[in-house]
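The structure file my_file_2.tsv is reproduced below (TSV, C-alpha atoms).
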chain	number	residue	atom	x	y	z
K	1	MET	CA	71.67	102.17	80.58
K	2	LYS	CA	70.63	99.27	82.73
K	3	ALA	CA	72.57	96.07	82.84
K	4	ARG	CA	71.43	92.79	84.30
K	5	VAL	CA	74.21	90.33	85.07
K	6	HIS	CA	73.50	86.65	85.67
K	7	VAL	CA	76.23	84.71	87.44
K	8	THR	CA	76.06	80.92	87.69
K	9	LEU	CA	78.48	78.17	88.60
K	10	LYS	CA	80.23	76.54	85.63
K	11	SER	CA	78.70	73.28	84.48
K	12	GLY	CA	81.45	71.07	85.94
K	13	VAL	CA	81.28	72.72	89.37
K	14	LEU	CA	79.22	71.06	92.09
K	15	ASP	CA	76.23	73.19	93.15
K	16	PRO	CA	75.02	71.82	96.50
K	17	GLN	CA	72.50	74.66	96.87
K	18	GLY	CA	70.95	73.86	93.49
K	19	LYS	CA	70.79	70.20	94.52
K	20	ALA	CA	68.99	71.07	97.77
K	21	ILE	CA	66.48	73.25	95.87
K	22	HIS	CA	65.95	70.42	93.36
K	23	HIS	CA	65.26	68.05	96.24
K	24	ALA	CA	62.78	70.51	97.80
K	25	LEU	CA	60.94	70.87	94.49
K	26	SER	CA	60.54	67.12	94.21
K	27	GLN	CA	59.28	67.06	97.83
K	28	LEU	CA	56.61	69.55	96.76
K	29	GLY	CA	55.51	67.15	94.05
K	30	TYR	CA	57.13	68.87	91.06
K	31	ALA	CA	58.17	65.89	89.00
K	32	GLY	CA	60.12	66.09	85.76
K	33	VAL	CA	62.70	68.66	86.88
K	34	ASP	CA	66.00	67.20	85.68
K	35	ASN	CA	68.39	69.67	87.23
K	36	VAL	CA	68.51	72.96	89.18
K	37	ARG	CA	71.44	75.39	89.21
K	38	ALA	CA	71.33	78.33	91.64
K	39	GLY	CA	72.91	81.66	90.74
K	40	LYS	CA	72.96	85.40	91.37
K	41	VAL	CA	71.54	88.41	89.56
K	42	PHE	CA	72.98	91.94	89.69
K	43	GLU	CA	71.12	94.96	88.34
K	44	LEU	CA	73.35	97.90	87.50
K	45	ASP	CA	72.43	101.44	86.43
K	46	ILE	CA	75.35	102.72	84.42
K	47	ALA	CA	76.08	106.22	83.18
K	48	GLU	CA	76.74	105.13	79.62
K	49	SER	CA	74.43	105.34	76.62
K	50	ASP	CA	76.54	103.46	74.07
K	51	PRO	CA	75.61	99.75	74.33
K	52	GLU	CA	78.98	98.54	73.13
K	53	LYS	CA	80.89	100.64	75.66
K	54	ALA	CA	78.43	99.69	78.40
K	55	ARG	CA	78.90	96.00	77.67
K	56	GLU	CA	82.67	96.41	77.71
K	57	ARG	CA	82.56	98.16	81.09
K	58	VAL	CA	80.22	95.63	82.67
K	59	ASP	CA	82.31	92.79	81.26
K	60	ARG	CA	85.36	94.23	83.05
K	61	MET	CA	83.36	94.56	86.27
K	62	CYS	CA	82.36	90.91	85.98
K	63	ARG	CA	85.94	89.75	85.55
K	64	ASP	CA	87.25	92.03	88.32
K	65	LEU	CA	84.61	91.42	90.96
K	66	LEU	CA	81.08	90.27	90.14
K	67	ALA	CA	82.08	86.77	89.02
K	68	ASN	CA	84.95	84.47	89.94
K	69	THR	CA	85.80	82.94	86.58
K	70	VAL	CA	87.57	80.00	88.23
K	71	ILE	CA	84.14	78.65	89.21
K	72	GLU	CA	81.50	80.89	87.61
K	73	THR	CA	80.27	82.08	84.23
K	74	TYR	CA	78.30	85.24	83.59
K	75	ASP	CA	75.87	86.63	81.11
K	76	ILE	CA	75.14	90.34	80.50
K	77	GLU	CA	71.76	91.73	79.36
K	78	LEU	CA	71.52	95.43	78.49
K	79	SER	CA	68.45	97.64	78.25
K	80	ALA	CA	67.88	101.36	77.80
T	1	MET	CA	110.66	87.29	112.88
T	2	GLN	CA	108.13	90.12	112.75
T	3	ALA	CA	104.64	89.04	111.72
T	4	ALA	CA	101.75	91.27	110.66
T	5	VAL	CA	98.15	90.11	111.10
T	6	LEU	CA	95.62	91.70	108.78
T	7	VAL	CA	92.33	92.71	110.36
T	8	PHE	CA	89.19	93.14	108.26
T	9	PRO	CA	85.62	93.87	109.34
T	10	GLY	CA	84.42	90.39	110.29
T	11	SER	CA	87.81	88.84	111.04
T	12	ASN	CA	87.43	86.77	114.20
T	13	CYS	CA	90.61	84.67	114.52
T	14	ASP	CA	93.02	87.62	114.38
T	15	ARG	CA	93.68	87.61	118.14
T	16	ASP	CA	94.01	83.82	118.32
T	17	VAL	CA	96.60	83.80	115.57
T	18	ALA	CA	98.39	86.73	117.23
T	19	VAL	CA	98.69	84.67	120.45
T	20	ALA	CA	100.12	81.70	118.51
T	21	LEU	CA	102.56	83.98	116.65
T	22	ARG	CA	103.71	85.69	119.84
T	23	GLN	CA	104.30	82.28	121.43
T	24	SER	CA	106.56	81.18	118.56
T	25	THR	CA	108.25	84.47	117.67
T	26	GLY	CA	108.54	86.05	121.10
T	27	ARG	CA	107.38	89.30	119.51
T	28	THR	CA	104.02	91.00	119.36
T	29	PRO	CA	102.69	90.92	115.81
T	30	HIS	CA	101.59	94.13	114.09
T	31	MET	CA	97.82	94.27	113.77
T	32	VAL	CA	97.14	95.94	110.42
T	33	TRP	CA	93.74	97.41	109.60
T	34	HIS	CA	92.31	96.74	106.11
T	35	LYS	CA	92.10	100.47	105.33
T	36	ASP	CA	95.84	100.94	105.80
T	37	SER	CA	97.69	101.34	102.53
T	38	ALA	CA	100.87	99.47	103.42
T	39	LEU	CA	102.26	96.79	105.73
T	40	PRO	CA	104.87	98.05	108.23
T	41	ALA	CA	108.30	98.03	106.56
T	42	ASP	CA	109.77	95.45	108.96
T	43	THR	CA	107.12	92.82	108.17
T	44	ASP	CA	108.63	89.37	107.52
T	45	LEU	CA	105.34	87.49	107.29
T	46	ALA	CA	101.77	88.59	106.55
T	47	VAL	CA	98.96	86.51	108.05
T	48	LEU	CA	95.34	86.64	106.90
T	49	PRO	CA	93.22	85.25	109.75
T	50	GLY	CA	89.95	83.35	109.78
T	51	GLY	CA	86.56	84.97	110.07
T	52	PHE	CA	83.71	86.14	107.91
T	53	THR	CA	85.06	89.27	106.25
T	54	TYR	CA	82.30	91.58	105.06
T	55	GLY	CA	79.72	89.00	106.11
T	56	ASP	CA	80.80	86.75	103.22
T	57	TYR	CA	78.92	89.11	100.89
T	58	LEU	CA	79.13	88.40	97.15
T	59	ARG	CA	81.51	85.42	97.59
T	60	VAL	CA	83.60	84.41	100.59
T	61	GLY	CA	86.71	86.60	100.69
T	62	ALA	CA	85.78	88.56	97.56
T	63	ILE	CA	85.35	92.01	99.08
T	64	ALA	CA	88.37	91.72	101.40
T	65	ALA	CA	90.50	90.69	98.41
T	66	HIS	CA	89.96	94.17	96.96
T	67	SER	CA	90.59	96.15	100.14
T	68	SER	CA	93.25	98.82	100.28
T	69	ILE	CA	95.81	96.79	102.28
T	70	MET	CA	95.56	93.88	99.84
T	71	ARG	CA	97.10	95.95	97.05
T	72	ASP	CA	100.28	96.22	99.10
T	73	VAL	CA	100.11	92.57	100.19
T	74	ARG	CA	99.86	91.50	96.53
T	75	GLU	CA	102.81	93.68	95.53
T	76	ARG	CA	104.97	92.51	98.42
T	77	ALA	CA	103.99	88.86	97.86
T	78	ASP	CA	105.02	89.17	94.20
T	79	LYS	CA	108.44	90.25	95.49
T	80	GLY	CA	108.63	87.21	97.76
T	81	LEU	CA	107.06	88.29	101.08
T	82	PRO	CA	105.75	85.13	102.81
T	83	VAL	CA	101.97	85.15	103.25
T	84	LEU	CA	99.85	82.72	105.26
T	85	GLY	CA	96.06	82.58	104.85
T	86	ILE	CA	94.00	80.56	107.31
T	87	CYS	CA	90.37	79.63	106.59
T	88	ASN	CA	88.76	82.91	105.48
T	89	GLY	CA	92.31	84.14	104.87
T	90	PHE	CA	92.74	81.27	102.38
T	91	GLN	CA	89.50	82.31	100.68
T	92	VAL	CA	90.75	85.90	100.44
T	93	LEU	CA	94.06	84.75	98.90
T	94	THR	CA	92.31	82.75	96.17
T	95	GLU	CA	90.00	85.69	95.40
T	96	ALA	CA	93.04	87.99	95.28
T	97	GLY	CA	94.68	85.68	92.75
T	98	LEU	CA	97.62	84.91	95.05
T	99	LEU	CA	96.66	81.22	95.17
T	100	PRO	CA	95.05	78.99	92.54
T	101	GLY	CA	91.50	77.62	92.74
T	102	ALA	CA	88.46	78.73	94.71
T	103	LEU	CA	86.52	77.71	97.81
T	104	LEU	CA	82.91	76.67	97.40
T	105	GLN	CA	80.15	75.86	99.84
T	106	ASN	CA	80.70	72.54	101.64
T	107	ALA	CA	79.17	69.66	99.67
T	108	SER	CA	77.08	68.79	102.76
T	109	LEU	CA	75.73	72.38	102.98
T	110	ARG	CA	76.62	72.20	106.68
T	111	PHE	CA	79.04	74.19	108.79
T	112	VAL	CA	81.77	71.72	109.82
T	113	CYS	CA	83.53	72.35	113.14
T	114	ARG	CA	85.78	69.56	114.42
T	115	ASP	CA	89.33	68.25	114.58
T	116	VAL	CA	90.48	66.65	111.34
T	117	SER	CA	93.51	64.58	110.42
T	118	LEU	CA	95.78	66.03	107.77
T	119	ARG	CA	98.55	64.39	105.81
T	120	VAL	CA	101.56	66.62	105.23
T	121	GLU	CA	102.08	66.36	101.47
T	122	ASN	CA	105.03	68.67	101.17
T	123	ALA	CA	107.42	69.38	104.04
T	124	SER	CA	109.82	71.39	101.85
T	125	SER	CA	108.60	74.89	102.58
T	126	MET	CA	109.13	77.54	105.21
T	127	PHE	CA	105.63	76.74	106.55
T	128	THR	CA	105.93	72.95	106.75
T	129	ASP	CA	109.64	72.34	107.29
T	130	GLY	CA	109.06	71.22	110.90
T	131	TYR	CA	106.78	68.38	109.82
T	132	ALA	CA	107.84	65.14	108.16
T	133	GLU	CA	106.58	64.38	104.68
T	134	GLY	CA	103.62	62.01	104.99
T	135	GLN	CA	103.16	62.80	108.69
T	136	THR	CA	99.58	62.78	110.00
T	137	ILE	CA	98.70	65.78	112.13
T	138	THR	CA	95.54	66.95	113.90
T	139	ILE	CA	94.19	70.46	113.32
T	140	PRO	CA	90.61	71.72	113.68
T	141	VAL	CA	88.43	73.03	110.85
T	142	ALA	CA	85.49	75.41	111.27
T	143	HIS	CA	83.90	76.50	108.02
T	144	ALA	CA	80.86	76.42	105.75
T	145	ASP	CA	82.79	77.18	102.56
T	146	GLY	CA	85.89	75.01	102.52
T	147	ASN	CA	85.18	72.94	99.43
T	148	TYR	CA	88.36	73.50	97.42
T	149	PHE	CA	87.82	73.52	93.69
T	150	VAL	CA	90.27	73.71	90.85
T	151	ALA	CA	89.73	72.49	87.29
T	152	GLU	CA	91.09	69.00	86.60
T	153	ASP	CA	93.97	70.11	84.32
T	154	LYS	CA	95.04	72.74	86.88
T	155	ARG	CA	94.84	70.21	89.68
T	156	ARG	CA	97.24	67.93	87.83
T	157	LYS	CA	99.60	70.87	87.43
T	158	LEU	CA	99.41	71.56	91.18
T	159	GLU	CA	100.29	67.92	91.85
T	160	ASP	CA	103.19	67.99	89.36
T	161	ARG	CA	104.61	71.18	90.86
T	162	GLU	CA	104.16	69.83	94.40
T	163	GLN	CA	101.98	72.78	95.38
T	164	ILE	CA	99.68	70.70	97.58
T	165	ALA	CA	100.60	71.24	101.22
T	166	PHE	CA	97.99	69.20	103.11
T	167	ARG	CA	95.24	66.69	102.39
T	168	TYR	CA	92.38	65.54	104.61
T	169	CYS	CA	92.98	61.94	105.69
T	170	ASP	CA	91.86	59.43	108.31
T	171	ALA	CA	93.69	58.85	111.60
T	172	LYS	CA	95.97	56.34	109.87
T	173	GLY	CA	96.98	58.83	107.21
T	174	GLN	CA	94.86	57.28	104.43
T	175	VAL	CA	93.31	59.84	102.08
T	176	THR	CA	89.75	58.53	101.76
T	177	PRO	CA	86.39	60.02	100.62
T	178	GLU	CA	85.08	59.52	104.20
T	179	SER	CA	87.83	61.70	105.65
T	180	ASN	CA	86.97	64.60	103.32
T	181	PRO	CA	84.93	67.03	105.48
T	182	ASN	CA	83.76	69.37	102.72
T	183	GLY	CA	84.00	67.82	99.25
T	184	SER	CA	87.35	69.36	98.26
T	185	VAL	CA	88.86	67.96	95.04
T	186	GLY	CA	91.61	65.46	95.83
T	187	ASN	CA	90.94	65.99	99.58
T	188	ILE	CA	93.03	69.16	99.29
T	189	ALA	CA	93.17	71.12	102.57
T	190	GLY	CA	95.98	73.56	101.75
T	191	VAL	CA	97.94	74.79	98.72
T	192	PHE	CA	101.08	76.81	97.99
T	193	ASN	CA	101.79	79.26	95.21
T	194	LYS	CA	104.43	78.15	92.70
T	195	GLN	CA	107.32	79.58	94.77
T	196	ARG	CA	105.90	78.11	98.02
T	197	THR	CA	106.09	81.54	99.63
T	198	VAL	CA	102.29	81.77	99.98
T	199	LEU	CA	100.26	79.12	101.79
T	200	GLY	CA	96.51	78.93	102.23
T	201	LEU	CA	94.72	76.28	104.27
T	202	MET	CA	91.22	75.77	105.65
T	203	PRO	CA	92.24	74.16	108.99
T	204	HIS	CA	93.22	76.45	111.88
T	205	PRO	CA	96.78	75.74	113.12
T	206	GLU	CA	96.43	78.54	115.71
T	207	ARG	CA	93.65	76.62	117.46
T	208	LEU	CA	95.92	73.70	118.33
T	209	ALA	CA	99.15	75.49	119.15
T	210	ASP	CA	99.23	74.86	122.88
T	211	PRO	CA	98.93	71.55	124.79
T	212	ALA	CA	96.45	73.29	127.12
T	213	LEU	CA	94.08	73.46	124.11
T	214	GLY	CA	94.39	69.73	123.45
T	215	GLY	CA	97.35	69.59	121.11
T	216	SER	CA	100.19	71.50	119.54
T	217	ASP	CA	100.45	70.19	115.96
T	218	GLY	CA	99.58	73.69	114.76
T	219	ARG	CA	102.47	75.27	116.63
T	220	THR	CA	104.96	73.45	114.38
T	221	MET	CA	103.88	75.66	111.48
T	222	PHE	CA	104.63	78.87	113.36
T	223	ASP	CA	107.90	77.44	114.70
T	224	SER	CA	108.90	76.43	111.15
T	225	LEU	CA	108.32	80.00	109.98
T	226	VAL	CA	110.45	81.36	112.82
T	227	THR	CA	113.30	79.00	111.92
T	228	ALA	CA	113.09	80.01	108.25
T	229	LEU	CA	112.63	83.76	108.72
T	230	ALA	CA	114.38	84.63	111.98

Represent the structure of the file as structure tokens.
Amino acid sequence: MKARVHVTLKSGVLDPQGKAIHHALSQLGYAGVDNVRAGKVFELDIAESDPEKARERVDRMCRDLLANTVIETYDIELSA
Amino acid sequence: MQAAVLVFPGSNCDRDVAVALRQSTGRTPHMVWHKDSALPADTDLAVLPGGFTYGDYLRVGAIAAHSSIMRDVRERADKGLPVLGICNGFQVLTEAGLLPGALLQNASLRFVCRDVSLRVENASSMFTDGYAEGQTITIPVAHADGNYFVAEDKRRKLEDREQIAFRYCDAKGQVTPESNPNGSVGNIAGVFNKQRTVLGLMPHPERLADPALGGSDGRTMFDSLVTALA
């Protein structure tokens, strides 16, 4: 299976990079953008065909390494 | 006191801290490679130096926190081995779960490299015993990711348990927003674990540990450790 993991900073955590990107967008004339949060994406190919088991494994990987849950949240998307 | 300095790919303050340790202890520290599985048995203090371990990939300190030597450091620290993490070493200790909180990118998005004033918040530890509580000291910082974050409820707990070692302040010892070089919550520059046997701080005490370098406020930390652990 393939797993796509999105990691972003928690809502209460300052994201200076997102702020800088927001500023650059407004410099380019893109009005009406209220907020930008930057994040990371990981694409994993996992040797597991059962979606439930795959999700469980990726969830553990997120907690152990891919995300730092003190400051970040994550979201897992699975596909065949 | 026998110190051990951990060396990871990308460590760059390991030799500087070894010089400062040798000056205070009179003994050559062990230099321990990240692939080693255990610290030498006679280690009294483990030091994680500054640098850019693994190129800061994933998150600062994240990959080093899972290296082979860190398993032993975590086990020994749980049994009371004193551990000091400076700059990137502090980042590694938070990622390894040995210290609370996390270090984010500086609020300014800039690398900050200059001397800063620190207020000693807690002088009751083996690391800070040589300072006076409330004393203002000068130590340099050099980092892009020194913005200490901890959730508000946890921060209050840290304050209650007196786990805050140092705060950024102005030359008069006032903790002000202007004296905060990186956006850290509560101007926090260094924290202890609950037992105060592990300390992490962003400033580099080893860089001002000799009057020839412009000051020796950093040396007091190494001398304190020698007094406590000799």

Please build the interface table for chain K against chain T with a cut-off of 10 Å, listing for each qualifying residue the nearest atom pair and the distance in Å to one decimal; count all atoms listed in the file, order rows by chain and increasing number, and write it as JSON lines.
{"residue": "K:Leu9", "atom": "CA", "partner": "T:Leu104", "partner_atom": "CA", "distance": 10.0}
{"residue": "K:Gly12", "atom": "CA", "partner": "T:Ala151", "partner_atom": "CA", "distance": 8.5}
{"residue": "K:Val13", "atom": "CA", "partner": "T:Phe149", "partner_atom": "CA", "distance": 7.9}
{"residue": "K:Leu14", "atom": "CA", "partner": "T:Ala107", "partner_atom": "CA", "distance": 7.7}
{"residue": "K:Asp15", "atom": "CA", "partner": "T:Ala107", "partner_atom": "CA", "distance": 8.0}
{"residue": "K:Pro16", "atom": "CA", "partner": "T:Ala107", "partner_atom": "CA", "distance": 5.7}
{"residue": "K:Gln17", "atom": "CA", "partner": "T:Leu109", "partner_atom": "CA", "distance": 7.3}
{"residue": "K:Lys19", "atom": "CA", "partner": "T:Ala107", "partner_atom": "CA", "distance": 9.9}
{"residue": "K:Ala20", "atom": "CA", "partner": "T:Leu109", "partner_atom": "CA", "distance": 8.6}
{"residue": "K:Lys40", "atom": "CA", "partner": "T:Leu58", "partner_atom": "CA", "distance": 9.0}
{"residue": "K:Asp64", "atom": "CA", "partner": "T:His66", "partner_atom": "CA", "distance": 9.3}
{"residue": "K:Leu65", "atom": "CA", "partner": "T:Ala62", "partner_atom": "CA", "distance": 7.3}
{"residue": "K:Leu66", "atom": "CA", "partner": "T:Leu58", "partner_atom": "CA", "distance": 7.5}
{"residue": "K:Ala67", "atom": "CA", "partner": "T:Arg59", "partner_atom": "CA", "distance": 8.7}
{"residue": "K:Asn68", "atom": "CA", "partner": "T:Glu95", "partner_atom": "CA", "distance": 7.5}
{"residue": "K:Thr69", "atom": "CA", "partner": "T:Ala102", "partner_atom": "CA", "distance": 9.5}
{"residue": "K:Val70", "atom": "CA", "partner": "T:Gly101", "partner_atom": "CA", "distance": 6.4}
{"residue": "K:Ile71", "atom": "CA", "partner": "T:Ala102", "partner_atom": "CA", "distance": 7.0}

- Would you kindly identify which residues have an atom no farther than 12 Å from (70.0, 100.9, 85.3), using only C-alpha atoms and the file's own coordinates, and write them out as a ChimeraX atom specification? /K:1-5,42-49,54,58,77-80

- Given only C-alpha atoms as the counted atoms, nearest of T:Phe127, T:Phe166, T:Phe111, T:Phe192 to Val141 (chain T): T:Phe111

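When the distance limit is 8 Å and all atoms listed in the file are what count, the residues near Ile137 (chain T), minus those fewer than 5 positions from it on the same chain, are T:Ser117, T:Leu118, T:Arg119, T:Val120, T:Asp217.
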
- Item | Shell around Leu208 (chain T) at 6 Å using only C-alpha atoms, local window under 4 positions removed, as a list in words |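 My reading of the contact set: Gly215, Ser216 and Gly218 of chain T.
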
Would you mind exporting C-alpha atoms of the selected residues as a PDB file, keeping the file's coordinate frame?
ATOM      1  CA  GLY T 215      97.350  69.590 121.110  1.00  0.00           C
ATOM      2  CA  SER T 216     100.190  71.500 119.540  1.00  0.00           C
ATOM      3  CA  GLY T 218      99.580  73.690 114.760  1.00  0.00           C
TER       4      GLY T 218
END

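Between CA of His6 (chain K) and CA of Gln27 (chain K) the interatomic distance comes to 27.1 Å.
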
- Spatial neighbours of Thr43 (chain T), max dist 8 Å, only C-alpha atoms, sep filter under 2 positions, as a PyMOL selection string: chain T and resi 2-4+39-41+45-46

- Query: What is the CA of Glu162 (chain T)-CA of Val185 (chain T) distance in Å, reported with one decimal?
  - Reply: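 Between CA of Glu162 (chain T) and CA of Val185 (chain T) the gap works out to 15.4 Å.
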
- Task: Find the distance between CA of Lys35 (chain T) and CA of His143 (chain T) and write it in Å to one decimal.
- Result: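 Between CA of Lys35 (chain T) and CA of His143 (chain T) the gap works out to 25.5 Å.
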
- Write out as an MDAnalysis selection string which residues come within 12 Å of region 73-76 of chain T when counting all atoms listed in the file, dropping same-chain ones fewer than 4 positions away. chainID T and resid 4:6 32 34 36:48 64:69 80:85 92:99 197:198

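Taking all atoms listed in the file, the non-local environment of Ile21 (chain K) within 9 Å (same-chain residues fewer than 5 positions away omitted) comprises Pro16, Ser26, Val36, Arg37 and Ala38 of chain K.
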
- Task: Would you please work out which residue, of T:Asp14, T:Asp78, T:Asp170, T:Asp129, is nearest to Thr220 (chain T) when using only C-alpha atoms?
- Result: T:Asp129

- Message: Counting all atoms listed in the file, which residue out of K:Gly18, K:Val33, K:Lys53, K:Thr8 sits closest to Tyr74 (chain K)?
- Response: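 Comparing K:Gly18, K:Val33, K:Lys53, K:Thr8 against Tyr74 (chain K), the winner is K:Thr8.
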
- Message: Under the rule that all atoms listed in the file are counted, which of K:Lys10, K:Asp34, K:Thr73, K:Arg63 is the nearest residue to His22 (chain K)?
- Response: K:Asp34

- With all atoms listed in the file as the basis for distance, which of K:Glu52, K:Ser11, K:Ala24, K:Gly32 is at the shortest distance from Ile76 (chain K)?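 So, comparing all the options, the nearest one is K:Glu52.
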